[in-house]
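Pasting model-v2.tsv here (TSV, C-alpha atoms):
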```tsv
chain	number	residue	atom	x	y	z
A	299	MET	CA	154.93	90.46	75.00
A	300	TYR	CA	155.79	86.80	75.50
A	301	ILE	CA	153.52	84.48	77.43
A	302	SER	CA	154.62	84.82	81.05
A	303	THR	CA	152.90	81.98	82.91
A	304	PRO	CA	152.71	78.24	82.19
A	305	PHE	CA	149.28	76.93	81.23
A	306	SER	CA	147.78	73.65	80.17
A	307	ASP	CA	144.71	72.43	78.40
A	308	VAL	CA	143.24	69.02	77.66
A	309	ILE	CA	142.69	67.53	74.24
A	310	ASP	CA	139.84	65.16	73.45
A	311	ARG	CA	141.25	62.57	71.08
A	312	ALA	CA	137.81	61.30	70.06
A	313	THR	CA	136.25	64.64	69.08
A	314	GLY	CA	139.34	66.79	68.50
A	315	THR	CA	138.12	69.49	70.87
A	316	LEU	CA	140.19	71.44	73.37
A	317	ALA	CA	138.67	71.79	76.83
A	318	SER	CA	139.30	75.58	76.87
A	319	PRO	CA	140.00	76.93	73.40
A	320	ASP	CA	140.57	80.67	72.98
A	321	ASN	CA	139.13	80.49	69.49
A	322	VAL	CA	137.11	77.98	67.46
A	323	TYR	CA	136.39	78.35	63.78
A	324	GLN	CA	134.80	76.15	61.21
A	325	ARG	CA	134.73	76.19	57.43
A	326	ARG	CA	131.61	75.23	55.54
A	327	LEU	CA	131.65	74.12	51.93
A	328	GLY	CA	130.27	77.51	50.88
A	329	GLN	CA	133.49	79.16	52.07
A	330	MET	CA	135.63	76.99	49.81
A	331	ALA	CA	133.24	75.89	47.07
A	332	GLY	CA	135.60	76.74	44.21
A	333	MET	CA	138.28	74.40	45.56
A	334	TYR	CA	136.38	71.22	44.63
A	335	GLU	CA	136.54	69.81	41.13
A	336	ASP	CA	132.85	68.89	40.75
A	337	ALA	CA	130.78	72.08	40.54
A	338	GLU	CA	127.52	70.18	40.27
A	339	ALA	CA	128.21	68.12	43.40
A	340	VAL	CA	129.14	71.36	45.18
A	341	ARG	CA	125.79	72.93	44.23
A	342	ALA	CA	123.89	69.87	45.41
A	343	ALA	CA	125.72	69.85	48.76
A	344	LEU	CA	125.12	73.57	49.23
A	345	ASP	CA	121.42	73.08	48.50
A	346	ALA	CA	121.32	70.22	50.98
A	347	GLY	CA	122.52	72.49	53.80
A	348	ASP	CA	126.13	73.59	53.21
A	349	PRO	CA	128.02	71.05	55.31
A	350	VAL	CA	130.80	71.85	57.77
A	351	ILE	CA	134.04	70.54	56.27
A	352	TYR	CA	136.53	71.22	59.09
A	353	ARG	CA	136.97	72.83	62.48
A	354	VAL	CA	139.98	74.28	64.27
A	355	TYR	CA	140.35	74.73	68.04
A	356	GLU	CA	143.16	77.06	68.92
A	357	LYS	CA	144.86	78.96	71.71
A	358	LYS	CA	145.76	82.61	71.27
A	359	ILE	CA	149.53	82.90	71.30
A	360	PRO	CA	151.59	86.05	70.60
A	361	GLU	CA	152.84	86.11	67.00
A	362	LEU	CA	156.52	86.04	67.95
A	363	ALA	CA	159.23	83.76	66.58
A	364	GLY	CA	160.08	82.03	69.87
A	365	GLU	CA	156.46	81.30	70.79
A	366	LEU	CA	154.57	78.27	69.49
A	367	GLN	CA	151.09	78.35	67.99
A	368	TRP	CA	149.14	75.16	68.58
A	369	CYS	CA	145.72	73.89	67.72
A	370	MET	CA	143.55	70.87	67.11
A	371	SER	CA	142.64	70.37	63.45
A	372	VAL	CA	139.48	68.34	62.80
A	373	THR	CA	138.62	67.43	59.20
A	374	LEU	CA	135.22	65.77	59.01
A	375	PRO	CA	134.54	62.63	56.94
A	376	GLY	CA	132.70	63.00	53.65
A	377	LYS	CA	132.99	63.64	49.94
A	378	ILE	CA	131.89	66.26	47.43
A	379	GLY	CA	131.29	64.11	44.40
A	380	ARG	CA	134.31	61.79	44.38
A	381	GLU	CA	136.59	64.26	46.20
A	382	TYR	CA	137.21	63.86	49.90
A	383	TYR	CA	136.58	66.59	52.47
A	384	MET	CA	139.73	68.66	52.89
A	385	THR	CA	141.00	71.84	54.52
A	386	LYS	CA	141.65	74.95	52.46
A	387	GLY	CA	145.38	74.47	52.92
A	388	HIS	CA	147.94	77.22	53.17
A	389	TYR	CA	151.53	78.34	53.06
A	390	HIS	CA	153.00	80.08	56.06
A	391	GLU	CA	153.26	83.81	55.52
A	392	VAL	CA	156.79	83.61	56.91
A	393	ARG	CA	157.95	80.94	54.48
A	394	ASP	CA	160.91	79.64	56.49
A	395	THR	CA	158.73	78.11	59.22
A	396	ALA	CA	157.92	74.42	59.62
A	397	GLU	CA	154.90	72.74	61.23
A	398	ILE	CA	154.43	69.46	63.08
A	399	TYR	CA	151.21	67.44	63.00
A	400	LEU	CA	150.66	64.59	65.42
A	401	CYS	CA	147.64	62.63	64.23
A	402	VAL	CA	145.53	61.45	67.16
A	403	GLY	CA	142.66	59.85	65.23
A	404	GLY	CA	141.19	59.12	61.83
A	405	THR	CA	142.80	58.35	58.49
A	406	GLY	CA	143.75	60.45	55.51
A	407	TYR	CA	146.57	62.32	53.88
A	408	MET	CA	148.53	65.51	54.20
A	409	LEU	CA	148.81	66.85	50.68
A	410	MET	CA	151.79	69.20	50.29
A	411	GLU	CA	153.49	71.19	47.58
A	412	THR	CA	156.11	73.89	47.08
A	413	GLU	CA	155.94	77.01	44.95
A	414	ASP	CA	158.47	75.49	42.55
A	415	GLY	CA	156.22	72.50	41.90
A	416	GLN	CA	157.33	69.68	44.20
A	417	THR	CA	154.45	67.60	45.61
A	418	SER	CA	154.08	65.10	48.43
A	419	ALA	CA	151.23	63.16	50.04
A	420	VAL	CA	151.88	61.55	53.43
A	421	GLU	CA	149.45	59.08	54.93
A	422	MET	CA	148.05	60.15	58.28
A	423	ARG	CA	146.67	57.83	60.93
A	424	GLU	CA	146.70	57.68	64.70
A	425	ASP	CA	150.22	58.20	66.16
A	426	VAL	CA	151.81	59.42	62.93
A	427	ALA	CA	153.93	62.52	63.51
A	428	LEU	CA	154.45	64.52	60.32
A	429	TYR	CA	157.05	67.19	59.69
A	430	VAL	CA	155.84	69.79	57.18
A	431	PRO	CA	159.07	71.55	56.17
A	432	ALA	CA	159.37	75.29	55.67
A	433	ARG	CA	158.03	76.45	52.28
A	434	TRP	CA	155.57	73.56	51.84
A	435	ALA	CA	151.85	74.36	51.52
A	436	HIS	CA	149.79	71.73	53.33
A	437	ARG	CA	146.20	70.51	53.25
A	438	SER	CA	144.57	67.79	55.39
A	439	ILE	CA	142.35	65.32	53.52
A	440	ASN	CA	140.06	62.88	55.31
A	441	THR	CA	139.70	59.61	53.38
A	442	GLY	CA	138.09	57.69	56.24
A	443	ARG	CA	134.76	57.41	58.02
A	444	VAL	CA	135.57	59.25	61.25
A	445	PRO	CA	137.05	62.74	61.87
A	446	LEU	CA	140.72	63.12	60.96
A	447	ILE	CA	142.22	64.81	64.02
A	448	SER	CA	145.69	66.26	64.51
A	449	PHE	CA	147.52	68.17	67.23
A	450	CYS	CA	149.46	70.90	65.39
A	451	VAL	CA	152.41	73.07	66.45
A	452	TYR	CA	154.11	75.84	64.46
A	453	PRO	CA	156.29	78.87	65.15
A	454	GLY	CA	154.49	81.83	66.70
A	455	ASN	CA	155.30	84.18	63.83
A	456	ALA	CA	154.44	81.80	60.96
A	457	GLY	CA	151.14	83.32	59.84
A	458	HIS	CA	148.93	81.95	57.04
A	459	ASP	CA	148.98	82.65	53.34
A	460	TYR	CA	146.02	81.18	51.45
A	461	GLY	CA	146.59	83.32	48.38
A	462	THR	CA	147.97	81.08	45.66
A	463	ILE	CA	146.06	78.01	46.90
A	464	GLU	CA	142.76	79.86	46.98
A	465	THR	CA	142.99	81.00	43.37
A	466	GLU	CA	144.81	78.10	41.71
A	467	GLY	CA	144.32	75.10	43.98
A	468	PHE	CA	146.89	72.42	44.70
A	469	LEU	CA	148.72	70.56	41.91
A	470	LYS	CA	147.10	67.30	43.03
A	471	ARG	CA	143.70	66.15	44.24
A	472	ILE	CA	142.76	63.09	46.23
A	473	VAL	CA	139.56	61.44	45.02
A	474	GLU	CA	137.86	58.10	45.40
A	475	ILE	CA	138.27	55.82	42.39
A	476	ASP	CA	137.10	52.19	42.57
A	477	GLY	CA	136.52	52.68	46.29
A	478	LYS	CA	140.11	53.75	47.00
A	479	PRO	CA	141.82	57.09	47.68
A	480	THR	CA	143.66	58.00	44.49
A	481	ILE	CA	145.99	60.93	43.80
A	482	ILE	CA	145.28	62.65	40.51
A	483	ASP	CA	146.61	65.76	38.77
A	484	ASN	CA	144.73	69.04	39.04
A	485	PRO	CA	145.19	70.70	35.67
A	486	ARG	CA	144.84	74.19	37.19
A	487	GLU	CA	142.84	75.35	34.19
A	488	ARG	CA	140.53	77.62	36.10
B	134	MET	CA	170.02	74.38	55.43
B	135	TYR	CA	166.35	73.89	56.15
B	136	ILE	CA	164.72	70.49	55.90
B	137	SER	CA	163.63	70.16	52.28
B	138	THR	CA	161.35	67.12	52.17
B	139	PRO	CA	158.35	66.13	54.30
B	140	PHE	CA	158.85	63.12	56.54
B	141	SER	CA	156.84	61.26	59.14
B	142	ASP	CA	157.50	58.89	61.98
B	143	VAL	CA	155.30	56.88	64.33
B	144	ILE	CA	155.12	57.28	68.07
B	145	ASP	CA	154.38	54.40	70.42
B	146	ARG	CA	152.16	55.78	73.15
B	147	ALA	CA	152.71	52.78	75.43
B	148	THR	CA	156.52	52.78	75.43
B	149	GLY	CA	157.30	56.33	74.32
B	150	THR	CA	159.54	55.14	71.51
B	151	LEU	CA	159.75	56.56	68.00
B	152	ALA	CA	159.78	54.00	65.19
B	153	SER	CA	162.84	55.64	63.54
B	154	PRO	CA	164.64	57.99	65.90
B	155	ASP	CA	167.79	59.74	64.71
B	156	ASN	CA	169.15	59.75	68.24
B	157	VAL	CA	168.28	58.05	71.53
B	158	TYR	CA	169.86	58.92	74.82
B	159	GLN	CA	169.23	57.89	78.38
B	160	ARG	CA	170.28	59.28	81.73
B	161	ARG	CA	171.18	57.01	84.58
B	162	LEU	CA	171.14	58.09	88.20
B	163	GLY	CA	174.95	58.28	88.18
B	164	GLN	CA	174.79	61.12	85.65
B	165	MET	CA	172.60	63.26	87.93
B	166	ALA	CA	173.29	61.89	91.39
B	167	GLY	CA	173.85	65.30	92.99
B	168	MET	CA	170.36	66.45	92.01
B	169	TYR	CA	168.57	64.22	94.52
B	170	GLU	CA	168.19	65.28	98.14
B	171	ASP	CA	168.97	61.92	99.79
B	172	ALA	CA	172.66	61.12	99.28
B	173	GLU	CA	172.37	57.81	101.12
B	174	ALA	CA	169.48	56.63	98.95
B	175	VAL	CA	171.48	57.69	95.89
B	176	ARG	CA	174.46	55.58	96.99
B	177	ALA	CA	172.24	52.56	97.62
B	178	ALA	CA	170.60	52.87	94.19
B	179	LEU	CA	174.00	53.25	92.50
B	180	ASP	CA	175.26	50.14	94.29
B	181	ALA	CA	172.13	48.26	93.22
B	182	GLY	CA	172.90	48.91	89.54
B	183	ASP	CA	172.58	52.62	88.70
B	184	PRO	CA	169.03	52.72	87.32
B	185	VAL	CA	167.98	54.44	84.11
B	186	ILE	CA	165.91	57.50	85.09
B	187	TYR	CA	164.77	58.77	81.70
B	188	ARG	CA	165.11	58.34	77.96
B	189	VAL	CA	164.70	60.70	75.02
B	190	TYR	CA	163.99	59.70	71.41
B	191	GLU	CA	164.67	62.51	69.01
B	192	LYS	CA	164.89	63.48	65.36
B	193	LYS	CA	167.85	65.51	64.11
B	194	ILE	CA	166.55	68.89	62.98
B	195	PRO	CA	168.65	71.88	61.86
B	196	GLU	CA	169.15	74.38	64.70
B	197	LEU	CA	167.34	77.22	62.94
B	198	ALA	CA	164.60	79.45	64.33
B	199	GLY	CA	161.89	78.43	61.84
B	200	GLU	CA	162.48	74.70	62.26
B	201	LEU	CA	160.93	72.64	65.06
B	202	GLN	CA	162.80	70.20	67.27
B	203	TRP	CA	160.63	67.33	68.47
B	204	CYS	CA	161.14	64.30	70.63
B	205	MET	CA	159.54	61.75	72.89
B	206	SER	CA	160.42	62.19	76.56
B	207	VAL	CA	160.09	59.09	78.75
B	208	THR	CA	160.59	59.46	82.49
B	209	LEU	CA	160.54	56.07	84.19
B	210	PRO	CA	158.61	55.36	87.40
B	211	GLY	CA	160.53	55.12	90.66
B	212	LYS	CA	161.94	56.99	93.64
B	213	ILE	CA	165.34	57.76	95.13
B	214	GLY	CA	164.46	57.77	98.80
B	215	ARG	CA	161.22	59.76	98.90
B	216	GLU	CA	161.99	61.76	95.76
B	217	TYR	CA	160.43	60.77	92.46
B	218	TYR	CA	162.41	60.03	89.31
B	219	MET	CA	162.83	63.24	87.31
B	220	THR	CA	164.68	64.64	84.33
B	221	LYS	CA	167.69	66.92	84.79
B	222	GLY	CA	165.64	69.87	83.61
B	223	HIS	CA	166.94	72.81	81.65
B	224	TYR	CA	166.49	76.32	80.38
B	225	HIS	CA	166.64	76.94	76.68
B	226	GLU	CA	169.95	78.48	75.66
B	227	VAL	CA	167.98	80.97	73.58
B	228	ARG	CA	165.82	82.17	76.45
B	229	ASP	CA	162.94	83.58	74.41
B	230	THR	CA	161.77	80.20	73.15
B	231	ALA	CA	158.76	78.25	74.41
B	232	GLU	CA	158.09	74.49	74.42
B	233	ILE	CA	154.93	72.40	74.16
B	234	TYR	CA	154.49	69.02	75.83
B	235	LEU	CA	151.59	66.77	74.93
B	236	CYS	CA	151.39	64.03	77.53
B	237	VAL	CA	150.46	60.70	75.93
B	238	GLY	CA	150.73	58.46	79.00
B	239	GLY	CA	151.56	58.28	82.69
B	240	THR	CA	151.10	60.76	85.52
B	241	GLY	CA	153.33	63.35	87.11
B	242	TYR	CA	154.26	67.00	87.09
B	243	MET	CA	156.16	69.50	85.06
B	244	LEU	CA	158.14	71.50	87.60
B	245	MET	CA	159.08	74.94	86.28
B	246	GLU	CA	160.85	78.07	87.45
B	247	THR	CA	162.28	81.34	86.20
B	248	GLU	CA	165.64	82.91	86.91
B	249	ASP	CA	163.89	85.61	88.96
B	250	GLY	CA	162.35	83.03	91.28
B	251	GLN	CA	158.83	82.27	90.04
B	252	THR	CA	157.83	78.62	90.33
B	253	SER	CA	155.04	76.47	88.89
B	254	ALA	CA	154.08	72.79	88.95
B	255	VAL	CA	151.52	71.59	86.41
B	256	GLU	CA	149.97	68.14	86.65
B	257	MET	CA	150.60	65.94	83.64
B	258	ARG	CA	148.45	63.04	82.54
B	259	GLU	CA	147.31	61.58	79.23
B	260	ASP	CA	145.98	64.24	76.84
B	261	VAL	CA	147.23	67.23	78.83
B	262	ALA	CA	148.94	69.78	76.57
B	263	LEU	CA	151.31	72.04	78.50
B	264	TYR	CA	152.77	75.35	77.35
B	265	VAL	CA	156.18	76.02	78.89
B	266	PRO	CA	156.68	79.73	78.26
B	267	ALA	CA	159.95	81.30	77.20
B	268	ARG	CA	162.39	81.76	80.11
B	269	TRP	CA	160.98	78.93	82.24
B	270	ALA	CA	163.28	76.03	83.18
B	271	HIS	CA	161.33	72.76	83.13
B	272	ARG	CA	161.75	69.28	84.60
B	273	SER	CA	159.46	66.24	84.18
B	274	ILE	CA	158.69	64.30	87.36
B	275	ASN	CA	157.00	60.89	87.32
B	276	THR	CA	154.78	60.37	90.36
B	277	GLY	CA	153.02	57.29	88.99
B	278	ARG	CA	153.66	53.62	88.38
B	279	VAL	CA	154.11	53.62	84.60
B	280	PRO	CA	156.40	55.69	82.34
B	281	LEU	CA	155.49	59.37	82.04
B	282	ILE	CA	155.57	59.99	78.29
B	283	SER	CA	155.30	63.27	76.40
B	284	PHE	CA	155.54	64.38	72.78
B	285	CYS	CA	157.61	67.59	72.86
B	286	VAL	CA	158.04	70.39	70.32
B	287	TYR	CA	160.30	73.45	70.58
B	288	PRO	CA	161.88	75.98	68.23
B	289	GLY	CA	164.81	74.70	66.18
B	290	ASN	CA	167.28	77.19	67.62
B	291	ALA	CA	166.30	76.84	71.31
B	292	GLY	CA	169.25	74.82	72.57
B	293	HIS	CA	169.67	73.55	76.15
B	294	ASP	CA	171.22	75.24	79.16
B	295	TYR	CA	171.63	72.93	82.15
B	296	GLY	CA	174.04	75.25	83.91
B	297	THR	CA	172.22	76.84	86.82
B	298	ILE	CA	169.99	73.81	87.41
B	299	GLU	CA	172.93	71.43	87.47
B	300	THR	CA	174.76	73.35	90.19
B	301	GLU	CA	171.93	74.74	92.31
B	302	GLY	CA	168.92	72.56	91.56
B	303	PHE	CA	165.34	73.75	91.28
B	304	LEU	CA	163.70	75.89	93.98
B	305	LYS	CA	161.20	73.08	94.65
B	306	ARG	CA	161.26	69.30	94.92
B	307	ILE	CA	158.45	66.80	94.57
B	308	VAL	CA	158.62	63.99	97.11
B	309	GLU	CA	156.27	61.37	98.49
B	310	ILE	CA	154.88	62.22	101.92
B	311	ASP	CA	152.13	60.06	103.44
B	312	GLY	CA	151.83	58.26	100.12
B	313	LYS	CA	151.15	61.44	98.13
B	314	PRO	CA	153.19	63.67	95.81
B	315	THR	CA	154.08	66.78	97.80
B	316	ILE	CA	155.86	69.93	96.68
B	317	ILE	CA	158.52	71.09	99.13
B	318	ASP	CA	161.15	73.83	99.14
B	319	ASN	CA	164.68	73.03	98.13
B	320	PRO	CA	166.85	75.22	100.36
B	321	ARG	CA	169.67	75.33	97.77
B	322	GLU	CA	172.27	75.02	100.51
B	323	ARG	CA	174.66	72.92	98.52
```
Taking this structure as input, can you express it in the form of structure tokens?
Amino acid sequence: MYISTPFSDVIDRATGTLASPDNVYQRRLGQMAGMYEDAEAVRAALDAGDPVIYRVYEKKIPELAGELQWCMSVTLPGKIGREYYMTKGHYHEVRDTAEIYLCVGGTGYMLMETEDGQTSAVEMREDVALYVPARWAHRSINTGRVPLISFCVYPGNAGHDYGTIETEGFLKRIVEIDGKPTIIDNPRER
Amino acid sequence: MYISTPFSDVIDRATGTLASPDNVYQRRLGQMAGMYEDAEAVRAALDAGDPVIYRVYEKKIPELAGELQWCMSVTLPGKIGREYYMTKGHYHEVRDTAEIYLCVGGTGYMLMETEDGQTSAVEMREDVALYVPARWAHRSINTGRVPLISFCVYPGNAGHDYGTIETEGFLKRIVEIDGKPTIIDNPRER
């Protein structure tokens, strides 16, 4: 069944919250420990309290092609070793579906790649609208000192597919070298 | 063909412009004169120079279901007689497609209705995210003193259908009575 009645909600551009989310989830480091390059830094951060890396505030929308999923994505500032806090990243289960991110605060990158090995990193900052094309996996990376916050919209039937990312990681990483965000190769040796 | 490479653009929240639009169009009063209730006020405004009522800045996206059209919608402040500046309004040609508006500035209403006679008016102001469900015609109305600006996203294949609105108008109008925005019936006698 399609949504039958108009509704609105209010975004908070400073915190990234929705006034009335249907669902809120957060990911702690422990839920994505293997995704970071520095196993020792991961252990230390887990011992120090397993930090929250990102939060998502979403509305529940029917998973139909003509509907639109939307959420607020909030990636917190911080590093694990030299690697910046980042989301798990995912493909859409229905590959031929795009996504739009409007950044409303913070600074960072959207790291993207395709299954045939293309990569892209687009700088995100307030008022940047990013088009993630169909078939591109995407991961938000916060390289700044405040939360990186985006308003996200994608087709209702898109779904999430973490599979290949979860086991192999992305082809690139973004780490701090000489005080600056730097894109490096991820050898995918694991 | 789907979009193959990520791209970004920058929105200007004060003016509603995109830094690099693929297409910009504007509607003057003369292109929608019959939609206002006060024919005499329309004539006077046309004689005084045919004002621009709204502008749209858009990117060119393939008209495919998994893609996402997006644009900036800018409805200027003003009135024709007692009736506020408004967009033409439309259904989506593919009826089972929703739309999301994130208001980034200004104040007003989204006036909506269905073909079976349901109506809705949702207040728009900065940071309000509105879900226009499938099958609801929608028209932006600026009741304030600055441009009403929204970031809009809808499915790539949605299309526009102005037909029934263009000939019969919406079931409701929003006009200024005693200095306040007021929703009144539109008898559809024309």
What are the closest atom pairs, with distances in Å to one decimal, for each residue of range 335-402 of chain A lying within 10 Å of range 408-414 of chain A, using all atoms listed in the file, rows by chain and rising residue number, as a Markdown table?
```
| residue | atom | partner | partner_atom | distance |
| --- | --- | --- | --- | --- |
| A:Met384 | CA | A:Met408 | CA | 9.4 |
| A:Thr385 | CA | A:Met408 | CA | 9.8 |
| A:Gly387 | CA | A:Leu409 | CA | 8.7 |
| A:His388 | CA | A:Met410 | CA | 9.4 |
| A:Tyr389 | CA | A:Thr412 | CA | 8.7 |
| A:Tyr399 | CA | A:Met408 | CA | 9.4 |
```
State, in Å with one decimal place, the distance from CA of Glu464 in chain A to CA of Val426 in chain A. 27.5 Å
Contact table chain A vs chain B, cut-off 9 Å, shortest pair per residue, only C-alpha atoms, as a Markdown table:
```
| residue | atom | partner | partner_atom | distance |
| --- | --- | --- | --- | --- |
| A:Tyr300 | CA | B:Ala267 | CA | 7.1 |
| A:Ile301 | CA | B:Pro266 | CA | 5.8 |
| A:Ser302 | CA | B:Pro266 | CA | 6.2 |
| A:Thr303 | CA | B:Pro266 | CA | 6.4 |
| A:Pro304 | CA | B:Val265 | CA | 5.3 |
| A:Phe305 | CA | B:Tyr264 | CA | 5.5 |
| A:Ser306 | CA | B:Leu263 | CA | 4.2 |
| A:Asp307 | CA | B:Ala262 | CA | 5.3 |
| A:Val308 | CA | B:Val261 | CA | 4.5 |
| A:Ile309 | CA | B:Asp260 | CA | 5.3 |
| A:Asp310 | CA | B:Asp260 | CA | 7.1 |
| A:Arg311 | CA | B:Asp260 | CA | 7.6 |
| A:Ala363 | CA | B:Ala198 | CA | 7.2 |
| A:Gly364 | CA | B:Thr230 | CA | 4.1 |
| A:Glu365 | CA | B:Ala231 | CA | 5.3 |
| A:Leu366 | CA | B:Ala231 | CA | 6.5 |
| A:Trp368 | CA | B:Ile233 | CA | 8.5 |
| A:Val392 | CA | B:Gly199 | CA | 8.8 |
| A:Arg393 | CA | B:Gly199 | CA | 8.7 |
| A:Asp394 | CA | B:Gly199 | CA | 5.6 |
| A:Thr395 | CA | B:Gly199 | CA | 4.1 |
| A:Ala396 | CA | B:Glu200 | CA | 5.3 |
| A:Glu397 | CA | B:Leu201 | CA | 7.1 |
| A:Ile398 | CA | B:Leu201 | CA | 7.5 |
| A:Leu400 | CA | B:Phe284 | CA | 8.8 |
| A:Met410 | CA | B:Pro139 | CA | 8.3 |
| A:Ser418 | CA | B:Pro139 | CA | 7.3 |
| A:Ala419 | CA | B:Pro139 | CA | 8.8 |
| A:Val420 | CA | B:Ser141 | CA | 7.6 |
| A:Glu421 | CA | B:Ser141 | CA | 8.8 |
| A:Met422 | CA | B:Ser141 | CA | 8.9 |
| A:Glu424 | CA | B:Val143 | CA | 8.6 |
| A:Asp425 | CA | B:Ile144 | CA | 5.3 |
| A:Val426 | CA | B:Val143 | CA | 4.5 |
| A:Ala427 | CA | B:Asp142 | CA | 5.3 |
| A:Leu428 | CA | B:Ser141 | CA | 4.2 |
| A:Tyr429 | CA | B:Phe140 | CA | 5.5 |
| A:Val430 | CA | B:Pro139 | CA | 5.3 |
| A:Pro431 | CA | B:Ile136 | CA | 5.8 |
| A:Ala432 | CA | B:Tyr135 | CA | 7.1 |
| A:Arg433 | CA | B:Ser137 | CA | 8.4 |
| A:Trp434 | CA | B:Pro139 | CA | 8.3 |
| A:Phe449 | CA | B:Leu235 | CA | 8.8 |
| A:Val451 | CA | B:Val286 | CA | 7.3 |
| A:Tyr452 | CA | B:Leu201 | CA | 7.6 |
| A:Pro453 | CA | B:Gly199 | CA | 6.5 |
| A:Asn455 | CA | B:Gly199 | CA | 9.0 |
| A:Ala456 | CA | B:Gly199 | CA | 8.2 |
```
Test item: residues at most 9 Å from Arg325 in chain A, all atoms listed in the file, excluding those fewer than 4 positions along its chain, as a list of chain:residue names: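 Residues near the query, excluding close chain neighbours: A:Gln329, A:Met330, A:Pro349, A:Val350, A:Ile351, A:Tyr352, A:Arg353, A:Val354, A:Thr385, A:Lys386.
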Separation of CA of Lys192 in chain B from CA of Asp155 in chain B in Å: 4.8 Å
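Considering the residues B:Thr300, B:Ser206, B:Met134, B:Gly277 and counting all atoms listed in the file, Ile194 in chain B has its shortest atom-to-atom contact with B:Met134.
In this model, the gap between CA of Tyr295 in chain B and CA of Thr148 in chain B comes to 26.1 Å.
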With distances taken over all atoms listed in the file, which residue among B:Ala147, B:Ile317, B:Ala178, B:Ile298 lies nearest Lys212 in chain B?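 Using all atoms listed in the file, Lys212 in chain B sits closest to B:Ala178.
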Counting all atoms listed in the file, select every polymer residue within 10 Å of (135.7, 77.9, 44.5) as defined in the file's coordinates, and provide the selection as a VMD selection string. chain A and resid 327 to 335 337 340 464 to 467 488
Can you list, as a short mmCIF file (atom, residue, chain, number, x, y, z; two decimals) with C-alpha atoms, keeping the file's coordinate frame, every protein, DNA or RNA residue that comes within 7 Å of Lys470 in chain A when you count only C-alpha atoms, leaving out same-chain residues fewer than 3 positions away?
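So result02.cif came out as:
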```cif
data_model
loop_
_atom_site.label_atom_id
_atom_site.label_comp_id
_atom_site.auth_asym_id
_atom_site.auth_seq_id
_atom_site.Cartn_x
_atom_site.Cartn_y
_atom_site.Cartn_z
CA ILE A 481 145.99 60.93 43.80
CA ILE A 482 145.28 62.65 40.51
CA ASP A 483 146.61 65.76 38.77
CA ASN A 484 144.73 69.04 39.04
#
```
List as a PyMOL selection string the protein and nucleic acid residues near Val308 in chain B, meaning an atom at most 7 Å away when only C-alpha atoms are counted, but skip any in the same chain fewer than 2 places from it. chain B and resi 215-217+306+310+314-316
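Nearest residue to Arg272 in chain B, choosing from B:Ile307, B:Ala174, B:Leu179, B:Val237 and counting only C-alpha atoms: B:Ile307.
The smallest atom-to-atom distance between Pro210 in chain B and any of B:Gly250, B:Asp171, B:Gly239, B:His271, using only C-alpha atoms, is found for B:Gly239.
When all atoms listed in the file are used to compute distances to Gly457 in chain A, the closest of the residues A:Gly403, A:Pro485, A:Tyr323, A:Glu361 turns out to be A:Glu361.
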Rebuild N, CA and C atoms on range 435-445 of chain A, as a compact mmCIF listing (two decimals), in the frame of the given file?
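Output contents, as saved in out_27.txt:
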```txt
# COMPACT_ATOMS: atom_id res chain seq x y z
N ALA A 435 153.29 74.22 51.26
CA ALA A 435 151.85 74.36 51.52
C ALA A 435 151.31 73.00 51.94
N HIS A 436 150.28 73.00 52.79
CA HIS A 436 149.79 71.73 53.33
C HIS A 436 148.28 71.77 53.51
N ARG A 437 147.65 70.66 53.20
CA ARG A 437 146.20 70.51 53.25
C ARG A 437 145.88 69.13 53.81
N SER A 438 145.00 69.08 54.83
CA SER A 438 144.57 67.79 55.39
C SER A 438 143.39 67.25 54.59
N ILE A 439 143.40 65.96 54.30
CA ILE A 439 142.35 65.32 53.52
C ILE A 439 141.89 64.07 54.27
N ASN A 440 140.60 64.00 54.54
CA ASN A 440 140.06 62.88 55.31
C ASN A 440 139.51 61.82 54.35
N THR A 441 140.16 60.67 54.28
CA THR A 441 139.70 59.61 53.38
C THR A 441 138.96 58.51 54.14
N GLY A 442 138.71 58.73 55.41
CA GLY A 442 138.09 57.69 56.24
C GLY A 442 136.65 57.99 56.61
N ARG A 443 136.17 57.31 57.63
CA ARG A 443 134.76 57.41 58.02
C ARG A 443 134.56 58.13 59.35
N VAL A 444 135.67 58.50 59.99
CA VAL A 444 135.57 59.25 61.25
C VAL A 444 136.41 60.52 61.09
N PRO A 445 136.26 61.51 62.00
CA PRO A 445 137.05 62.74 61.87
C PRO A 445 138.56 62.45 61.85
```
